[in-house]
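Q: The file below is start-v5.cif, mmCIF, C-alpha atoms:
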```
data_work
loop_
_atom_site.label_atom_id
_atom_site.label_comp_id
_atom_site.auth_asym_id
_atom_site.auth_seq_id
_atom_site.Cartn_x
_atom_site.Cartn_y
_atom_site.Cartn_z
CA MET A 204 -82.40 -95.55 -261.15
CA VAL A 205 -79.21 -95.33 -263.22
CA TRP A 206 -77.93 -92.42 -261.15
CA GLN A 207 -78.57 -94.35 -257.92
CA THR A 208 -76.64 -97.33 -259.30
CA ILE A 209 -73.69 -95.11 -260.28
CA LYS A 210 -73.78 -93.45 -256.86
CA ARG A 211 -73.81 -96.80 -255.08
CA TRP A 212 -70.82 -98.08 -257.09
CA TYR A 213 -69.03 -94.80 -256.48
CA HIS A 214 -69.30 -95.21 -252.71
CA MET A 215 -68.58 -98.94 -252.79
CA LEU A 216 -65.41 -98.59 -254.85
CA GLY A 217 -64.44 -95.65 -252.64
CA SER A 218 -63.96 -98.14 -249.81
CA PRO A 219 -60.39 -99.54 -249.75
CA ARG A 220 -61.58 -102.86 -248.37
CA TYR A 221 -64.34 -103.28 -250.96
CA PHE A 222 -61.98 -102.25 -253.77
CA HIS A 223 -59.46 -104.86 -252.64
CA THR A 224 -62.14 -107.55 -252.68
CA PHE A 225 -63.49 -106.36 -256.04
CA SER A 226 -60.04 -106.37 -257.66
CA SER A 227 -59.35 -109.86 -256.28
CA ARG A 228 -62.37 -111.13 -258.18
CA VAL A 229 -61.70 -109.19 -261.40
CA LEU A 230 -57.94 -109.70 -261.92
CA PRO A 231 -57.92 -113.50 -262.43
CA TRP A 232 -60.08 -113.22 -265.57
CA LEU A 233 -59.19 -109.70 -266.70
CA THR A 234 -55.44 -110.43 -266.91
CA PRO A 235 -55.62 -113.34 -269.41
CA ILE A 236 -58.28 -111.52 -271.46
CA ALA A 237 -56.03 -108.45 -271.69
CA LEU A 238 -52.97 -110.47 -272.71
CA ILE A 239 -54.84 -112.61 -275.27
CA THR A 240 -56.50 -109.54 -276.80
CA LEU A 241 -53.27 -107.55 -277.05
CA VAL A 242 -51.24 -110.46 -278.45
CA THR A 243 -53.99 -111.23 -280.98
CA GLY A 244 -54.08 -107.65 -282.21
CA LEU A 245 -50.29 -107.32 -282.40
CA VAL A 246 -49.72 -110.62 -284.21
CA TRP A 247 -52.55 -109.90 -286.63
CA GLY A 248 -51.25 -106.42 -287.36
CA LEU A 249 -47.52 -107.06 -287.39
CA VAL A 250 -47.62 -110.35 -289.30
CA PHE A 251 -50.85 -110.82 -291.25
CA ALA A 252 -52.12 -107.33 -292.11
CA PRO A 253 -51.32 -106.24 -295.70
CA SER A 254 -48.49 -103.85 -296.50
CA ASP A 255 -49.27 -100.19 -297.12
CA TYR A 256 -49.11 -99.16 -300.77
CA GLN A 257 -46.99 -96.09 -299.92
CA GLN A 258 -45.12 -96.91 -296.69
CA GLY A 259 -44.64 -100.62 -297.22
CA ASN A 260 -44.06 -102.52 -293.98
CA SER A 261 -42.78 -99.51 -292.02
CA TYR A 262 -46.36 -98.51 -291.23
CA ARG A 263 -46.77 -101.61 -289.04
CA ILE A 264 -45.34 -99.71 -286.11
CA ILE A 265 -48.81 -98.11 -285.80
CA PHE A 266 -49.98 -101.33 -284.14
CA ILE A 267 -47.75 -100.35 -281.21
CA HIS A 268 -47.70 -96.57 -281.59
CA VAL A 269 -51.44 -95.93 -281.76
CA PRO A 270 -52.44 -98.21 -278.84
CA ALA A 271 -49.68 -96.66 -276.71
CA SER A 272 -50.74 -93.12 -277.64
CA SER A 273 -54.43 -93.75 -277.02
CA GLY A 274 -53.64 -95.48 -273.74
CA ALA A 275 -51.51 -92.55 -272.58
CA LEU A 276 -54.30 -90.08 -273.41
CA MET A 277 -57.08 -92.12 -271.80
CA GLY A 278 -54.87 -92.77 -268.77
CA TYR A 279 -54.30 -89.08 -268.22
CA MET A 280 -58.01 -88.36 -268.48
CA ALA A 281 -58.56 -90.96 -265.74
CA LEU A 282 -55.72 -89.32 -263.81
CA GLY A 283 -57.45 -85.95 -264.12
CA VAL A 284 -60.75 -87.36 -262.84
CA SER A 285 -58.95 -89.00 -259.91
CA GLY A 286 -57.19 -85.71 -259.20
CA LEU A 287 -60.50 -83.83 -259.18
CA VAL A 288 -62.08 -86.30 -256.76
CA ALA A 289 -58.97 -86.30 -254.55
CA VAL A 290 -58.79 -82.48 -254.39
CA VAL A 291 -62.52 -81.72 -254.03
CA TRP A 292 -63.86 -84.68 -252.04
CA ARG A 293 -60.54 -86.00 -250.67
CA MET A 294 -61.53 -89.61 -251.23
CA LYS A 295 -58.80 -92.06 -250.23
CA MET A 296 -59.26 -94.33 -253.23
CA ALA A 297 -58.92 -91.37 -255.59
CA GLU A 298 -55.55 -90.65 -253.98
CA VAL A 299 -54.62 -94.30 -254.45
CA MET A 300 -55.64 -94.15 -258.11
CA LEU A 301 -53.48 -91.08 -258.66
CA LYS A 302 -50.50 -93.16 -257.63
CA ALA A 303 -51.60 -96.27 -259.54
CA ILE A 304 -52.44 -94.67 -262.89
CA ALA A 305 -49.41 -92.45 -263.50
CA PRO A 306 -46.47 -94.92 -263.98
CA PHE A 307 -48.00 -97.03 -266.76
CA GLY A 308 -49.32 -93.88 -268.45
CA ALA A 309 -45.84 -92.39 -268.42
CA ALA A 310 -44.44 -95.59 -269.93
CA LEU A 311 -47.04 -95.52 -272.72
CA ALA A 312 -46.33 -91.84 -273.44
CA ALA A 313 -42.62 -92.68 -273.74
CA ILE A 314 -43.37 -95.64 -276.04
CA SER A 315 -45.58 -93.37 -278.15
CA LEU A 316 -42.76 -90.85 -278.58
CA ILE A 317 -40.11 -93.49 -279.34
CA THR A 318 -42.22 -95.41 -281.86
CA GLY A 319 -43.39 -92.15 -283.42
CA SER A 320 -39.79 -91.09 -283.94
CA LEU A 321 -38.88 -94.48 -285.45
CA TRP A 322 -41.87 -94.21 -287.76
CA GLY A 323 -41.08 -90.60 -288.63
CA LYS A 324 -37.59 -91.24 -290.03
CA PRO A 325 -38.58 -93.42 -293.03
CA THR A 326 -41.92 -91.64 -293.48
CA TRP A 327 -41.06 -87.95 -293.08
CA GLY A 328 -37.26 -88.06 -293.21
CA THR A 329 -36.72 -86.99 -289.60
CA TYR A 330 -36.86 -88.56 -286.16
CA TRP A 331 -38.19 -85.40 -284.51
CA GLN A 332 -39.96 -82.21 -285.42
CA TRP A 333 -41.19 -79.59 -282.95
CA ASP A 334 -44.69 -79.64 -284.34
CA ALA A 335 -47.94 -79.40 -282.35
CA ARG A 336 -48.66 -83.13 -281.97
CA MET A 337 -45.15 -84.27 -281.07
CA THR A 338 -44.47 -81.37 -278.72
CA SER A 339 -47.79 -81.70 -276.87
CA MET A 340 -47.18 -85.45 -276.50
CA LEU A 341 -43.78 -84.71 -274.98
CA ILE A 342 -45.46 -82.30 -272.57
CA LEU A 343 -47.90 -85.08 -271.66
CA LEU A 344 -44.95 -87.28 -270.69
CA PHE A 345 -43.56 -84.44 -268.56
CA MET A 346 -46.96 -84.04 -266.86
CA TYR A 347 -47.00 -87.73 -265.99
CA VAL A 348 -43.46 -87.50 -264.62
CA GLY A 349 -44.45 -84.40 -262.65
CA VAL A 350 -47.35 -86.21 -260.99
CA ILE A 351 -45.07 -89.13 -260.08
CA ALA A 352 -42.36 -86.77 -258.78
CA LEU A 353 -44.75 -84.84 -256.53
CA GLN A 354 -46.01 -88.07 -254.99
CA ASN A 355 -42.46 -89.14 -254.19
CA VAL A 356 -41.04 -85.79 -253.07
CA ILE A 357 -43.85 -84.88 -250.65
CA ARG A 358 -43.73 -87.39 -247.82
CA GLU A 359 -47.19 -86.81 -246.32
CA PRO A 360 -49.52 -88.93 -248.52
CA ARG A 361 -52.55 -86.62 -248.40
CA GLN A 362 -50.55 -83.49 -249.18
CA ALA A 363 -48.78 -85.35 -251.99
CA ALA A 364 -52.13 -86.46 -253.41
CA ARG A 365 -53.47 -82.90 -253.31
CA ALA A 366 -50.44 -81.46 -255.13
CA ALA A 367 -50.40 -84.28 -257.69
CA GLY A 368 -54.16 -83.96 -258.13
CA LEU A 369 -53.92 -80.27 -258.96
CA LEU A 370 -51.23 -80.95 -261.56
CA ALA A 371 -53.29 -83.80 -263.02
CA ILE A 372 -56.33 -81.53 -263.38
CA VAL A 373 -54.31 -78.81 -265.14
CA GLY A 374 -52.74 -81.39 -267.45
CA VAL A 375 -56.12 -82.42 -268.86
CA ILE A 376 -55.97 -79.27 -270.99
CA ASN A 377 -52.91 -80.70 -272.73
CA VAL A 378 -54.78 -83.94 -273.50
CA VAL A 379 -57.27 -81.91 -275.52
CA ILE A 380 -54.38 -80.17 -277.29
CA VAL A 381 -52.76 -83.52 -278.16
CA LYS A 382 -56.05 -84.86 -279.50
CA TYR A 383 -56.96 -81.91 -281.73
CA SER A 384 -53.52 -80.48 -282.54
CA VAL A 385 -53.48 -82.01 -286.04
CA GLU A 386 -56.81 -80.32 -286.76
CA TRP A 387 -56.06 -76.91 -285.22
CA VAL A 388 -52.51 -76.44 -286.51
CA GLN A 389 -50.75 -77.37 -289.75
CA THR A 390 -48.44 -80.13 -288.59
CA LEU A 391 -46.06 -82.73 -289.96
CA HIS A 392 -48.03 -85.44 -288.17
CA GLN A 393 -50.79 -86.93 -290.28
CA GLY A 394 -54.43 -86.52 -289.35
CA SER A 395 -56.53 -89.25 -287.79
CA THR A 396 -57.52 -92.06 -290.16
CA LEU A 397 -59.18 -94.23 -287.50
CA LYS A 398 -62.51 -93.23 -286.01
CA LEU A 399 -64.41 -95.23 -283.42
CA PHE A 400 -67.58 -93.49 -284.53
CA GLY A 401 -68.09 -92.55 -288.16
CA GLU A 402 -66.31 -93.63 -291.30
CA SER A 403 -62.59 -94.42 -291.06
CA THR A 404 -60.25 -93.91 -293.99
CA ILE A 405 -57.98 -96.78 -292.97
CA ASN A 406 -58.24 -100.12 -294.77
CA PRO A 407 -60.50 -102.55 -292.81
CA ALA A 408 -57.74 -105.18 -292.99
CA MET A 409 -55.60 -102.77 -290.95
CA LYS A 410 -58.41 -101.22 -288.92
CA TYR A 411 -59.61 -104.32 -287.06
CA PRO A 412 -56.23 -105.55 -285.77
CA LEU A 413 -55.48 -101.96 -284.75
CA LEU A 414 -58.76 -101.73 -282.79
CA ILE A 415 -58.04 -105.08 -281.12
CA SER A 416 -54.52 -103.92 -280.20
CA MET A 417 -55.95 -100.72 -278.71
CA LEU A 418 -58.52 -102.67 -276.69
CA GLY A 419 -55.83 -105.04 -275.45
CA MET A 420 -53.64 -102.11 -274.39
CA TRP A 421 -56.51 -100.46 -272.51
CA LEU A 422 -57.30 -103.73 -270.72
CA LEU A 423 -53.63 -104.23 -269.86
CA TYR A 424 -53.58 -100.68 -268.47
CA ALA A 425 -56.60 -101.56 -266.31
CA VAL A 426 -54.81 -104.67 -265.02
CA ASN A 427 -51.71 -102.66 -264.15
CA VAL A 428 -53.77 -100.03 -262.33
CA LEU A 429 -55.68 -102.64 -260.33
CA VAL A 430 -52.48 -104.42 -259.29
CA ARG A 431 -50.72 -101.19 -258.29
CA ALA A 432 -53.81 -99.89 -256.50
CA ARG A 433 -54.15 -103.13 -254.51
CA THR A 434 -50.53 -102.86 -253.40
CA GLU A 435 -51.00 -99.23 -252.39
CA VAL A 436 -54.20 -100.04 -250.47
CA GLU A 437 -52.49 -102.86 -248.60
CA TRP A 438 -49.65 -100.52 -247.61
CA ARG A 439 -51.92 -97.66 -246.52
CA GLU A 440 -54.27 -99.95 -244.62
CA ARG A 441 -51.53 -102.21 -243.24
CA ARG A 442 -52.54 -101.50 -239.64
CA SER A 443 -56.23 -102.29 -240.18
CA LYS A 444 -57.65 -105.61 -239.00
CA TRP A 445 -58.73 -106.81 -242.45
CA VAL A 446 -55.23 -106.38 -243.90
CA GLN A 447 -53.68 -108.07 -240.88
CA THR A 448 -56.08 -110.96 -241.46
CA LEU A 449 -54.98 -111.20 -245.10
CA ILE A 450 -51.33 -111.25 -244.01
CA ARG A 451 -51.96 -114.05 -241.52
CA LYS A 452 -53.80 -116.09 -244.15
CA GLY A 453 -50.92 -115.57 -246.57
CA ASP A 454 -48.40 -116.84 -244.00
CA GLN A 455 -50.33 -120.02 -243.39
#
```
As C-alpha cells, what does this structure read like?

A:
Amino acid sequence: MVWQTIKRWYHMLGSPRYFHTFSSRVLPWLTPIALITLVTGLVWGLVFAPSDYQQGNSYRIIFIHVPASSGALMGYMALGVSGLVAVVWRMKMAEVMLKAIAPFGAALAAISLITGSLWGKPTWGTYWQWDARMTSMLILLFMYVGVIALQNVIREPRQAARAAGLLAIVGVINVVIVKYSVEWVQTLHQGSTLKLFGESTINPAMKYPLLISMLGMWLLYAVNVLVRARTEVEWRERRSKWVQTLIRKGDQ
C-alpha cells in the first residue's frame, strides 16, 4: 500500500502540469511558514541564546553557518537523486529539478565557507586551513558551479540535463566525505556536537534555536526550488495549451 502511494506520487509529480498545480497550492502557505521559522530561529539564536563559556558571542555565527552547511549538503543529495532519475529514466521533471536545485545550493555552500572562515579567525586563529572538512566543502561548491555551468553551456536541454545529471551523481561521493571528514581524518574543524538522533553535546538553550534555524533554511530551500521549477516548467511547456491558458488568464 505504501509503495503504491509512493509510486502514484512519483508519476503525478513527474507531470509538469500536475507539478505546476501542486506548487501553486503549496507555495502560498509554505513561504510564510519558511520565513517565520527561519526568522524565529535566527533571532532566538543571535539575540537570546546564552554566550559560550569559551568562544563568547563569536560562536553565534553557527546559527547561520550550520543551517547553510546542512542545506548545501541536503540540496546536493536531492541534486544527485534528480540526476539519477534524469539519466536513467529521463524524466522531464527530474531535469527541471536539476536546474532548480543547484543555484540556491551553491549560494548556501558559499555562505557556509564564508561564515566558516569568519568563525575560524577568532576561534582557530586563521581564516582558512586546507583540512578535510573545509577542502571538501569547497569542492562541493565547485560541483554545484559545475552543474550550473553544464546546464548553461550545453544549449540542448536534454543533453545538458544528462551531462549535469552525471556530474551530480558523481558529486554525491563528496557529500559523504564532507559529512564524515571530521571523523575519518584529524582536522582543525571541530566534530559534530548536534545530533538529530541520539544525545547532543550542545547546550539545549543553543540546540533548539539552531534546529529551528536549520528547519527554516530547509523550508526556504524548498520554496526557492518550487519557484524556480515552476518558472522552468512554464518556459519548457510554453507552447502547450495549458500554459497558453495560464498566460491568457494572467493578461486579463

Q: Neighbouring residues of region 328-337 of chain A were defined as those with any atom within 9 Å, considering all atoms listed in the file; residues of the same chain fewer than 2 positions away were excluded. Please report them as a list in words.

A: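 In the requested format, the answer is Leu316, Gly319, Ser320, Leu321, Trp322, Gly323, Lys324, Pro325, Thr326, Ser339, Met340, Leu341, Ile342, Ile380, Val381, Lys382, Tyr383, Ser384, Val385, Trp387, Val388, Gln389, Thr390, Leu391 and His392 of chain A.
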
Q: Kindly provide the residues of region 267-354 of chain A that approach region 225-244 of chain A to within 12 Å, each paired with its closest atom pair and their distance in Å to one decimal, based on all atoms listed in the file, listed by chain and increasing number, as a Markdown table.

A:
```
| residue | atom | partner | partner_atom | distance |
| --- | --- | --- | --- | --- |
| A:Ile267 | CA | A:Gly244 | CA | 9.7 |
| A:Pro270 | CA | A:Leu241 | CA | 9.5 |
| A:Ala271 | CA | A:Leu241 | CA | 11.5 |
```

Q: Let's have the selection written as a PDB file, in the coordinates of the input, with C-alpha atoms.

A:
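Done, and the output landed in selection.pdb:
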```pdb
ATOM      1  CA  ILE A 267     -47.750-100.350-281.210  1.00  0.00           C
ATOM      2  CA  PRO A 270     -52.440 -98.210-278.840  1.00  0.00           C
ATOM      3  CA  ALA A 271     -49.680 -96.660-276.710  1.00  0.00           C
TER       4      ALA A 271
END
```

Q: Determine the residue membership of the PyMOL selection byres ((chain A and resi 406-412) around 6) for the file above and supply it as a ChimeraX atom specification.

A: /A:244,247-248,252,405,413-415

Q: Between CA of Leu343 (chain A) and CA of Val288 (chain A), what is the distance, to one decimal in Å?

A: 20.6 Å

Q: Using only C-alpha atoms, can you tell me which of A:Ser254, A:Thr318, A:Ser272, A:Ser218 comes closest to Lys295 (chain A)?

A: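 Of A:Ser254, A:Thr318, A:Ser272, A:Ser218, the one nearest Lys295 (chain A), counting only C-alpha atoms, is A:Ser218.
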
Q: Between A:Ser315, A:Gln362, A:Gln207, A:Asn377, single out the one closest to Gly283 (chain A), counting all atoms listed in the file.

A: A:Asn377

Q: Evaluate the PyMOL selection byres ((chain A and resi 284) around 12) against this structure - the residues, as a short mmCIF file (atom, residue, chain, number, x, y, z; two decimals) with C-alpha atoms, keeping the file's coordinate frame, please.

A:
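Output file expr14.cif is given in full below:
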```cif
data_model
loop_
_atom_site.label_atom_id
_atom_site.label_comp_id
_atom_site.auth_asym_id
_atom_site.auth_seq_id
_atom_site.Cartn_x
_atom_site.Cartn_y
_atom_site.Cartn_z
CA MET A 277 -57.08 -92.12 -271.80
CA GLY A 278 -54.87 -92.77 -268.77
CA TYR A 279 -54.30 -89.08 -268.22
CA MET A 280 -58.01 -88.36 -268.48
CA ALA A 281 -58.56 -90.96 -265.74
CA LEU A 282 -55.72 -89.32 -263.81
CA GLY A 283 -57.45 -85.95 -264.12
CA SER A 285 -58.95 -89.00 -259.91
CA GLY A 286 -57.19 -85.71 -259.20
CA LEU A 287 -60.50 -83.83 -259.18
CA VAL A 288 -62.08 -86.30 -256.76
CA ALA A 289 -58.97 -86.30 -254.55
CA VAL A 290 -58.79 -82.48 -254.39
CA VAL A 291 -62.52 -81.72 -254.03
CA TRP A 292 -63.86 -84.68 -252.04
CA MET A 294 -61.53 -89.61 -251.23
CA MET A 296 -59.26 -94.33 -253.23
CA ALA A 297 -58.92 -91.37 -255.59
CA GLU A 298 -55.55 -90.65 -253.98
CA MET A 300 -55.64 -94.15 -258.11
CA LEU A 301 -53.48 -91.08 -258.66
CA ILE A 304 -52.44 -94.67 -262.89
CA ALA A 367 -50.40 -84.28 -257.69
CA GLY A 368 -54.16 -83.96 -258.13
CA LEU A 369 -53.92 -80.27 -258.96
CA LEU A 370 -51.23 -80.95 -261.56
CA ALA A 371 -53.29 -83.80 -263.02
CA ILE A 372 -56.33 -81.53 -263.38
CA VAL A 373 -54.31 -78.81 -265.14
CA GLY A 374 -52.74 -81.39 -267.45
CA VAL A 375 -56.12 -82.42 -268.86
#
```

Q: If you measure from CA of Leu311 (chain A) to CA of Tyr256 (chain A), what distance in Å do you get, rounded to one decimal?

A: 28.4 Å

Q: If you measure from CA of Phe307 (chain A) to CA of Val250 (chain A), what distance in Å do you get, rounded to one decimal?

A: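 Between CA of Phe307 (chain A) and CA of Val250 (chain A) the gap is 26.2 Å.
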
Q: Pick out the closest residue to Ala425 (chain A) from this set: A:Glu359, A:Leu344, A:Ala303, A:Arg441. Count all atoms listed in the file.

A: A:Ala303

Q: Can you pull out the residues contacting Val436 (chain A)? Cut-off 12 Å, using only C-alpha atoms, and skip same-chain residues under 3 positions away; I want them as a CSV table (one decimal) with C-alpha atoms, keeping the file's coordinate frame.

A:
```csv
chain,number,residue,atom,x,y,z
A,217,GLY,CA,-64.4,-95.6,-252.6
A,218,SER,CA,-64.0,-98.1,-249.8
A,219,PRO,CA,-60.4,-99.5,-249.8
A,220,ARG,CA,-61.6,-102.9,-248.4
A,221,TYR,CA,-64.3,-103.3,-251.0
A,222,PHE,CA,-62.0,-102.2,-253.8
A,223,HIS,CA,-59.5,-104.9,-252.6
A,224,THR,CA,-62.1,-107.6,-252.7
A,226,SER,CA,-60.0,-106.4,-257.7
A,295,LYS,CA,-58.8,-92.1,-250.2
A,296,MET,CA,-59.3,-94.3,-253.2
A,297,ALA,CA,-58.9,-91.4,-255.6
A,298,GLU,CA,-55.6,-90.6,-254.0
A,299,VAL,CA,-54.6,-94.3,-254.4
A,300,MET,CA,-55.6,-94.2,-258.1
A,302,LYS,CA,-50.5,-93.2,-257.6
A,303,ALA,CA,-51.6,-96.3,-259.5
A,428,VAL,CA,-53.8,-100.0,-262.3
A,429,LEU,CA,-55.7,-102.6,-260.3
A,430,VAL,CA,-52.5,-104.4,-259.3
A,431,ARG,CA,-50.7,-101.2,-258.3
A,432,ALA,CA,-53.8,-99.9,-256.5
A,433,ARG,CA,-54.2,-103.1,-254.5
A,439,ARG,CA,-51.9,-97.7,-246.5
A,440,GLU,CA,-54.3,-100.0,-244.6
A,441,ARG,CA,-51.5,-102.2,-243.2
A,442,ARG,CA,-52.5,-101.5,-239.6
A,443,SER,CA,-56.2,-102.3,-240.2
A,445,TRP,CA,-58.7,-106.8,-242.4
A,446,VAL,CA,-55.2,-106.4,-243.9
```

Q: Counting only C-alpha atoms, figure out which residue out of A:Leu418, A:Ala364, A:Leu245, A:Leu449 gets nearest to Ser273 (chain A).

A: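 Among the listed residues, A:Leu418 lies closest to Ser273 (chain A).
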
Q: Can you work out which one of A:Val348, A:Tyr262, A:Thr338, A:Phe251 has the shortest atom-to-atom distance to Ala310 (chain A), counting all atoms listed in the file?

A: A:Val348

Q: Calculated over all atoms listed in the file, which of the candidates A:Met215, A:Met346, A:Ile265, A:Ser395 has the smallest distance to Met417 (chain A)?

A: A:Ile265
